[in-house]
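Quick notes on the structure that follows.
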Amino acid sequence: MLEIKCLEVCHGWVQALRGLSFQVVRGEMLAVLGLNGAGKSTLLGALAGLYKIKKGDILLDGESLSGKPPHQIVKLGISLVPERREIFNSLTVIDNLLLGAYHRYRYKKNEVIIDVVKIMDLFPALRGKENHPAGTLSGGLQQMLAIGRGLMARPRLLLLDEPSVGLAPLVTREIMTTLAELKKTGVTIILVEQNTAAALKVADRALVMERGGIVMSGKPRDMMENSRVQQACLGRTRAVQPAAAL
């Protein structure tokens, strides 16, 4: 479904991605792990069209995304849920969701309303808060809203940047469980996370990034106790503690 070929991205004079190459299979959940500054968010930004590609290419079902603006990439089926959620605090929950479908609301309004109902079914904690300003929600509900807004674009590929950041463990567990259920519906997911144990619990496969490159990839079970993973993702050498059962 997605193929990354020798991808290089720079922020000014700093090279953030260094020749990344990998593939994502349709229906897969891929976890991208690593410490701050490893290039994880830059990777998602490049996939979403937010950063200019210096070298290499990104192919979605064989179609190059290089040079395409973000709104075109959304229409092609890629949706980004950014770090820190970036919801519109003064707008209501419903309005935030509708913004996720801005590119089709005018022509497919009935379809969009049906999708809102589906989001409420996926995140029942949002029910009854449809007309509340989004800024009054708890952090966990705001994260659910941000994911819901991303899904309103009907993506084939959903990009999630640190969805557990700032959340309590129980809320993190709920978010990860929802992502696992979402994957069963056929949505392909790239999950960037620093909560290594939680990500490895739900992912089908994982990549570890350091200094803009991929240093390791494999099945979550094989990577959980790997000392290189512990060093690259946690900055320490002791064993990673497994996440509580979802």
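Ordering of the structure tokens sets the chain letters (A, B, ...), residue numbers begin anew at 1 in every chain, and ligands are numbered from 1 in the order given.
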
Long-range neighbours of Asn195 (chain A) as a PDB file with all heavy atoms, in the first residue's frame, 10 Å cut-off, only C-alpha atoms, 6 positions minimum in chain:
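Generated file (selection_1.pdb):
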```pdb
ATOM      1  N   LEU A  33       9.065   3.875  16.611  1.00  0.00           N
ATOM      2  CA  LEU A  33       9.568   4.155  17.958  1.00  0.00           C
ATOM      3  C   LEU A  33      10.875   4.918  17.893  1.00  0.00           C
ATOM      4  O   LEU A  33      11.578   4.907  16.886  1.00  0.00           O
ATOM      5  CB  LEU A  33       9.770   2.840  18.715  1.00  0.00           C
ATOM      6  CG  LEU A  33       8.606   1.836  18.686  1.00  0.00           C
ATOM      7  CD1 LEU A  33       9.023   0.527  19.353  1.00  0.00           C
ATOM      8  CD2 LEU A  33       7.380   2.422  19.355  1.00  0.00           C
ATOM      9  N   GLY A  34      11.212   5.564  19.011  1.00  0.00           N
ATOM     10  CA  GLY A  34      12.471   6.286  19.093  1.00  0.00           C
ATOM     11  C   GLY A  34      12.365   7.458  20.051  1.00  0.00           C
ATOM     12  O   GLY A  34      11.265   7.896  20.396  1.00  0.00           O
ATOM     13  N   GLU A 162       2.079  10.436  18.566  1.00  0.00           N
ATOM     14  CA  GLU A 162       2.082  10.434  20.036  1.00  0.00           C
ATOM     15  C   GLU A 162       0.678  10.564  20.631  1.00  0.00           C
ATOM     16  O   GLU A 162       0.404  11.488  21.417  1.00  0.00           O
ATOM     17  CB  GLU A 162       2.966  11.568  20.564  1.00  0.00           C
ATOM     18  CG  GLU A 162       4.392  11.564  20.054  1.00  0.00           C
ATOM     19  CD  GLU A 162       5.276  10.536  20.735  1.00  0.00           C
ATOM     20  OE1 GLU A 162       4.751   9.788  21.584  1.00  0.00           O
ATOM     21  OE2 GLU A 162       6.467  10.475  20.414  1.00  0.00           O
ATOM     22  N   PRO A 163      -0.254   9.677  20.308  1.00  0.00           N
ATOM     23  CA  PRO A 163      -1.615   9.824  20.846  1.00  0.00           C
ATOM     24  C   PRO A 163      -1.723   9.647  22.354  1.00  0.00           C
ATOM     25  O   PRO A 163      -2.718  10.080  22.941  1.00  0.00           O
ATOM     26  CB  PRO A 163      -2.396   8.722  20.115  1.00  0.00           C
ATOM     27  CG  PRO A 163      -1.374   7.713  19.734  1.00  0.00           C
ATOM     28  CD  PRO A 163      -0.146   8.509  19.412  1.00  0.00           C
ATOM     29  N   SER A 164      -0.719   9.059  22.998  1.00  0.00           N
ATOM     30  CA  SER A 164      -0.811   8.843  24.443  1.00  0.00           C
ATOM     31  C   SER A 164      -0.163   9.951  25.265  1.00  0.00           C
ATOM     32  O   SER A 164      -0.218   9.917  26.498  1.00  0.00           O
ATOM     33  CB  SER A 164      -0.160   7.501  24.826  1.00  0.00           C
ATOM     34  OG  SER A 164       1.258   7.584  24.754  1.00  0.00           O
ATOM     35  N   VAL A 165       0.436  10.948  24.605  1.00  0.00           N
ATOM     36  CA  VAL A 165       1.191  11.956  25.344  1.00  0.00           C
ATOM     37  C   VAL A 165       0.279  12.716  26.311  1.00  0.00           C
ATOM     38  O   VAL A 165      -0.807  13.179  25.955  1.00  0.00           O
ATOM     39  CB  VAL A 165       1.895  12.931  24.374  1.00  0.00           C
ATOM     40  CG1 VAL A 165       0.906  13.772  23.592  1.00  0.00           C
ATOM     41  CG2 VAL A 165       2.888  13.818  25.123  1.00  0.00           C
ATOM     42  N   THR A 172      -4.751   5.899  28.194  1.00  0.00           N
ATOM     43  CA  THR A 172      -3.866   5.379  27.150  1.00  0.00           C
ATOM     44  C   THR A 172      -4.287   3.981  26.729  1.00  0.00           C
ATOM     45  O   THR A 172      -4.351   3.662  25.537  1.00  0.00           O
ATOM     46  CB  THR A 172      -2.410   5.348  27.642  1.00  0.00           C
ATOM     47  OG1 THR A 172      -1.968   6.691  27.880  1.00  0.00           O
ATOM     48  CG2 THR A 172      -1.490   4.697  26.629  1.00  0.00           C
ATOM     49  N   CYS A 233      14.831   3.579  22.342  1.00  0.00           N
ATOM     50  CA  CYS A 233      13.510   4.126  22.647  1.00  0.00           C
ATOM     51  C   CYS A 233      13.404   4.708  24.038  1.00  0.00           C
ATOM     52  O   CYS A 233      12.582   5.585  24.291  1.00  0.00           O
ATOM     53  CB  CYS A 233      12.447   3.033  22.492  1.00  0.00           C
ATOM     54  SG  CYS A 233      12.367   2.356  20.836  1.00  0.00           S
ATOM     55  N   LEU A 234      14.217   4.197  24.962  1.00  0.00           N
ATOM     56  CA  LEU A 234      14.108   4.640  26.348  1.00  0.00           C
ATOM     57  C   LEU A 234      15.356   5.346  26.853  1.00  0.00           C
ATOM     58  O   LEU A 234      15.347   5.933  27.927  1.00  0.00           O
ATOM     59  CB  LEU A 234      13.812   3.435  27.265  1.00  0.00           C
ATOM     60  CG  LEU A 234      12.559   2.630  26.915  1.00  0.00           C
ATOM     61  CD1 LEU A 234      12.468   1.405  27.818  1.00  0.00           C
ATOM     62  CD2 LEU A 234      11.325   3.472  27.041  1.00  0.00           C
ATOM     63  N   ALA A 243       3.403  -3.787  28.872  1.00  0.00           N
ATOM     64  CA  ALA A 243       2.191  -3.047  29.198  1.00  0.00           C
ATOM     65  C   ALA A 243       1.164  -3.971  29.817  1.00  0.00           C
ATOM     66  O   ALA A 243       1.174  -5.186  29.591  1.00  0.00           O
ATOM     67  CB  ALA A 243       1.609  -2.405  27.934  1.00  0.00           C
TER      68      ALA A 243
END
```

* For Glu3 (chain A), list every protein, DNA or RNA residue within 8 Å, evaluated using only C-alpha atoms, and leave out those in the same chain fewer than 6 positions away; present the list as number ranges by chain. => A: 21-24, 58-60, 62

File of the preceding selection, all heavy atoms, as a compact mmCIF listing (two decimals), in the first residue's frame:
```txt
# COMPACT_ATOMS: atom_id res chain seq x y z
N SER A 21 13.78 3.90 3.96
CA SER A 21 13.10 3.03 3.01
C SER A 21 12.36 1.94 3.77
O SER A 21 12.97 1.23 4.58
CB SER A 21 14.10 2.38 2.03
OG SER A 21 14.72 3.33 1.20
N PHE A 22 11.05 1.84 3.55
CA PHE A 22 10.26 0.76 4.13
C PHE A 22 8.91 0.72 3.45
O PHE A 22 8.55 1.61 2.69
CB PHE A 22 10.11 0.91 5.66
CG PHE A 22 9.34 2.13 6.09
CD1 PHE A 22 7.96 2.08 6.28
CD2 PHE A 22 9.99 3.33 6.33
CE1 PHE A 22 7.25 3.20 6.70
CE2 PHE A 22 9.28 4.46 6.74
CZ PHE A 22 7.91 4.39 6.92
N GLN A 23 8.16 -0.33 3.73
CA GLN A 23 6.82 -0.49 3.17
C GLN A 23 5.82 -0.75 4.28
O GLN A 23 6.17 -1.24 5.35
CB GLN A 23 6.80 -1.66 2.17
CG GLN A 23 7.66 -1.44 0.94
CD GLN A 23 7.58 -2.59 -0.03
OE1 GLN A 23 7.02 -3.65 0.27
NE2 GLN A 23 8.13 -2.41 -1.23
N VAL A 24 4.58 -0.39 4.01
CA VAL A 24 3.47 -0.66 4.93
C VAL A 24 2.41 -1.42 4.16
O VAL A 24 1.99 -0.99 3.08
CB VAL A 24 2.88 0.63 5.52
CG1 VAL A 24 1.76 0.30 6.51
CG2 VAL A 24 3.96 1.47 6.20
N ILE A 58 7.62 8.97 -1.96
CA ILE A 58 6.57 8.31 -1.18
C ILE A 58 5.51 7.86 -2.17
O ILE A 58 4.96 8.69 -2.91
CB ILE A 58 5.96 9.26 -0.14
CG1 ILE A 58 7.03 9.77 0.83
CG2 ILE A 58 4.83 8.55 0.62
CD1 ILE A 58 6.55 10.91 1.72
N LEU A 59 5.20 6.57 -2.18
CA LEU A 59 4.22 6.03 -3.10
C LEU A 59 3.04 5.45 -2.32
O LEU A 59 3.22 4.64 -1.41
CB LEU A 59 4.84 4.92 -3.96
CG LEU A 59 6.06 5.30 -4.81
CD1 LEU A 59 6.61 4.07 -5.51
CD2 LEU A 59 5.71 6.39 -5.82
N LEU A 60 1.85 5.89 -2.69
CA LEU A 60 0.61 5.36 -2.12
C LEU A 60 -0.12 4.61 -3.21
O LEU A 60 -0.59 5.22 -4.18
CB LEU A 60 -0.26 6.49 -1.56
CG LEU A 60 -1.58 6.05 -0.92
CD1 LEU A 60 -1.32 5.25 0.35
CD2 LEU A 60 -2.46 7.26 -0.60
N GLY A 62 1.18 2.99 -5.49
CA GLY A 62 1.91 3.23 -6.72
C GLY A 62 1.93 4.67 -7.19
O GLY A 62 2.65 5.00 -8.14
```

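When only C-alpha atoms are used to measure the gap to Leu207 (chain A), the shortest distance among A:Ile94, A:Val171, A:Met176, A:Met223 belongs to A:Met223.
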
* To do: Could you pull out the residues in region 17-106 of chain A that DSSP calls helix (DSSP H, G or I) from the backbone, as number ranges by chain?
  => A: 40-47, 70-76, 93-99

* To do: Pick out the residues sitting within 9 Å of Leu122 (chain A), and hand them over as number ranges by chain; count only C-alpha atoms, and ignore anything fewer than 6 positions along from it in its own chain.
  => A: 148, 178, 182

* Asked: Using only C-alpha atoms, which residues sit within 10 Å of Gly213 (chain A) once same-chain residues fewer than 5 positions away are excluded, as a PyMOL selection string?
  -> chain A and resi 7-8+16-21+38-40+207-208

Next, write the just-selected residues to a file, as an mmCIF file, in the first residue's frame, keeping N, CA, C and O atoms as the atom set.
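Below is the file selection26.cif, written as the result:
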```
data_model
loop_
_atom_site.group_PDB
_atom_site.id
_atom_site.type_symbol
_atom_site.label_atom_id
_atom_site.label_comp_id
_atom_site.auth_asym_id
_atom_site.auth_seq_id
_atom_site.Cartn_x
_atom_site.Cartn_y
_atom_site.Cartn_z
ATOM 1 N N LEU A 7 13.983 8.145 1.497
ATOM 2 C CA LEU A 7 13.414 9.453 1.814
ATOM 3 C C LEU A 7 14.392 10.307 2.618
ATOM 4 O O LEU A 7 14.929 9.873 3.645
ATOM 5 N N GLU A 8 14.585 11.546 2.140
ATOM 6 C CA GLU A 8 15.408 12.521 2.850
ATOM 7 C C GLU A 8 14.627 13.823 2.982
ATOM 8 O O GLU A 8 14.038 14.311 2.024
ATOM 9 N N ALA A 16 16.806 15.877 8.778
ATOM 10 C CA ALA A 16 15.947 15.200 9.755
ATOM 11 C C ALA A 16 15.692 13.740 9.405
ATOM 12 O O ALA A 16 15.512 12.913 10.293
ATOM 13 N N LEU A 17 15.617 13.426 8.110
ATOM 14 C CA LEU A 17 15.434 12.043 7.658
ATOM 15 C C LEU A 17 16.562 11.704 6.707
ATOM 16 O O LEU A 17 16.874 12.465 5.793
ATOM 17 N N ARG A 18 17.142 10.509 6.909
ATOM 18 C CA ARG A 18 18.332 10.121 6.165
ATOM 19 C C ARG A 18 18.106 8.812 5.418
ATOM 20 O O ARG A 18 18.370 7.732 5.938
ATOM 21 N N GLY A 19 17.588 8.902 4.232
ATOM 22 C CA GLY A 19 17.480 7.742 3.374
ATOM 23 C C GLY A 19 16.570 6.644 3.870
ATOM 24 O O GLY A 19 16.887 5.455 3.748
ATOM 25 N N LEU A 20 15.394 7.003 4.412
ATOM 26 C CA LEU A 20 14.461 5.999 4.930
ATOM 27 C C LEU A 20 13.826 5.214 3.787
ATOM 28 O O LEU A 20 13.380 5.792 2.802
ATOM 29 N N SER A 21 13.780 3.898 3.957
ATOM 30 C CA SER A 21 13.102 3.027 3.005
ATOM 31 C C SER A 21 12.359 1.943 3.774
ATOM 32 O O SER A 21 12.973 1.234 4.583
ATOM 33 N N ALA A 38 14.444 11.828 16.942
ATOM 34 C CA ALA A 38 14.809 10.714 16.063
ATOM 35 C C ALA A 38 14.307 10.908 14.643
ATOM 36 O O ALA A 38 14.803 10.272 13.709
ATOM 37 N N GLY A 39 13.298 11.783 14.467
ATOM 38 C CA GLY A 39 12.751 12.033 13.138
ATOM 39 C C GLY A 39 11.368 11.451 12.919
ATOM 40 O O GLY A 39 10.840 11.488 11.809
ATOM 41 N N LYS A 40 10.743 10.974 13.980
ATOM 42 C CA LYS A 40 9.440 10.307 13.856
ATOM 43 C C LYS A 40 8.356 11.269 13.367
ATOM 44 O O LYS A 40 7.610 10.966 12.430
ATOM 45 N N LEU A 207 9.181 -0.239 13.802
ATOM 46 C CA LEU A 207 10.468 0.300 13.363
ATOM 47 C C LEU A 207 11.053 1.130 14.491
ATOM 48 O O LEU A 207 10.316 1.800 15.221
ATOM 49 N N VAL A 208 12.359 1.114 14.620
ATOM 50 C CA VAL A 208 13.047 1.958 15.589
ATOM 51 C C VAL A 208 13.904 2.957 14.825
ATOM 52 O O VAL A 208 14.685 2.575 13.950
#
```
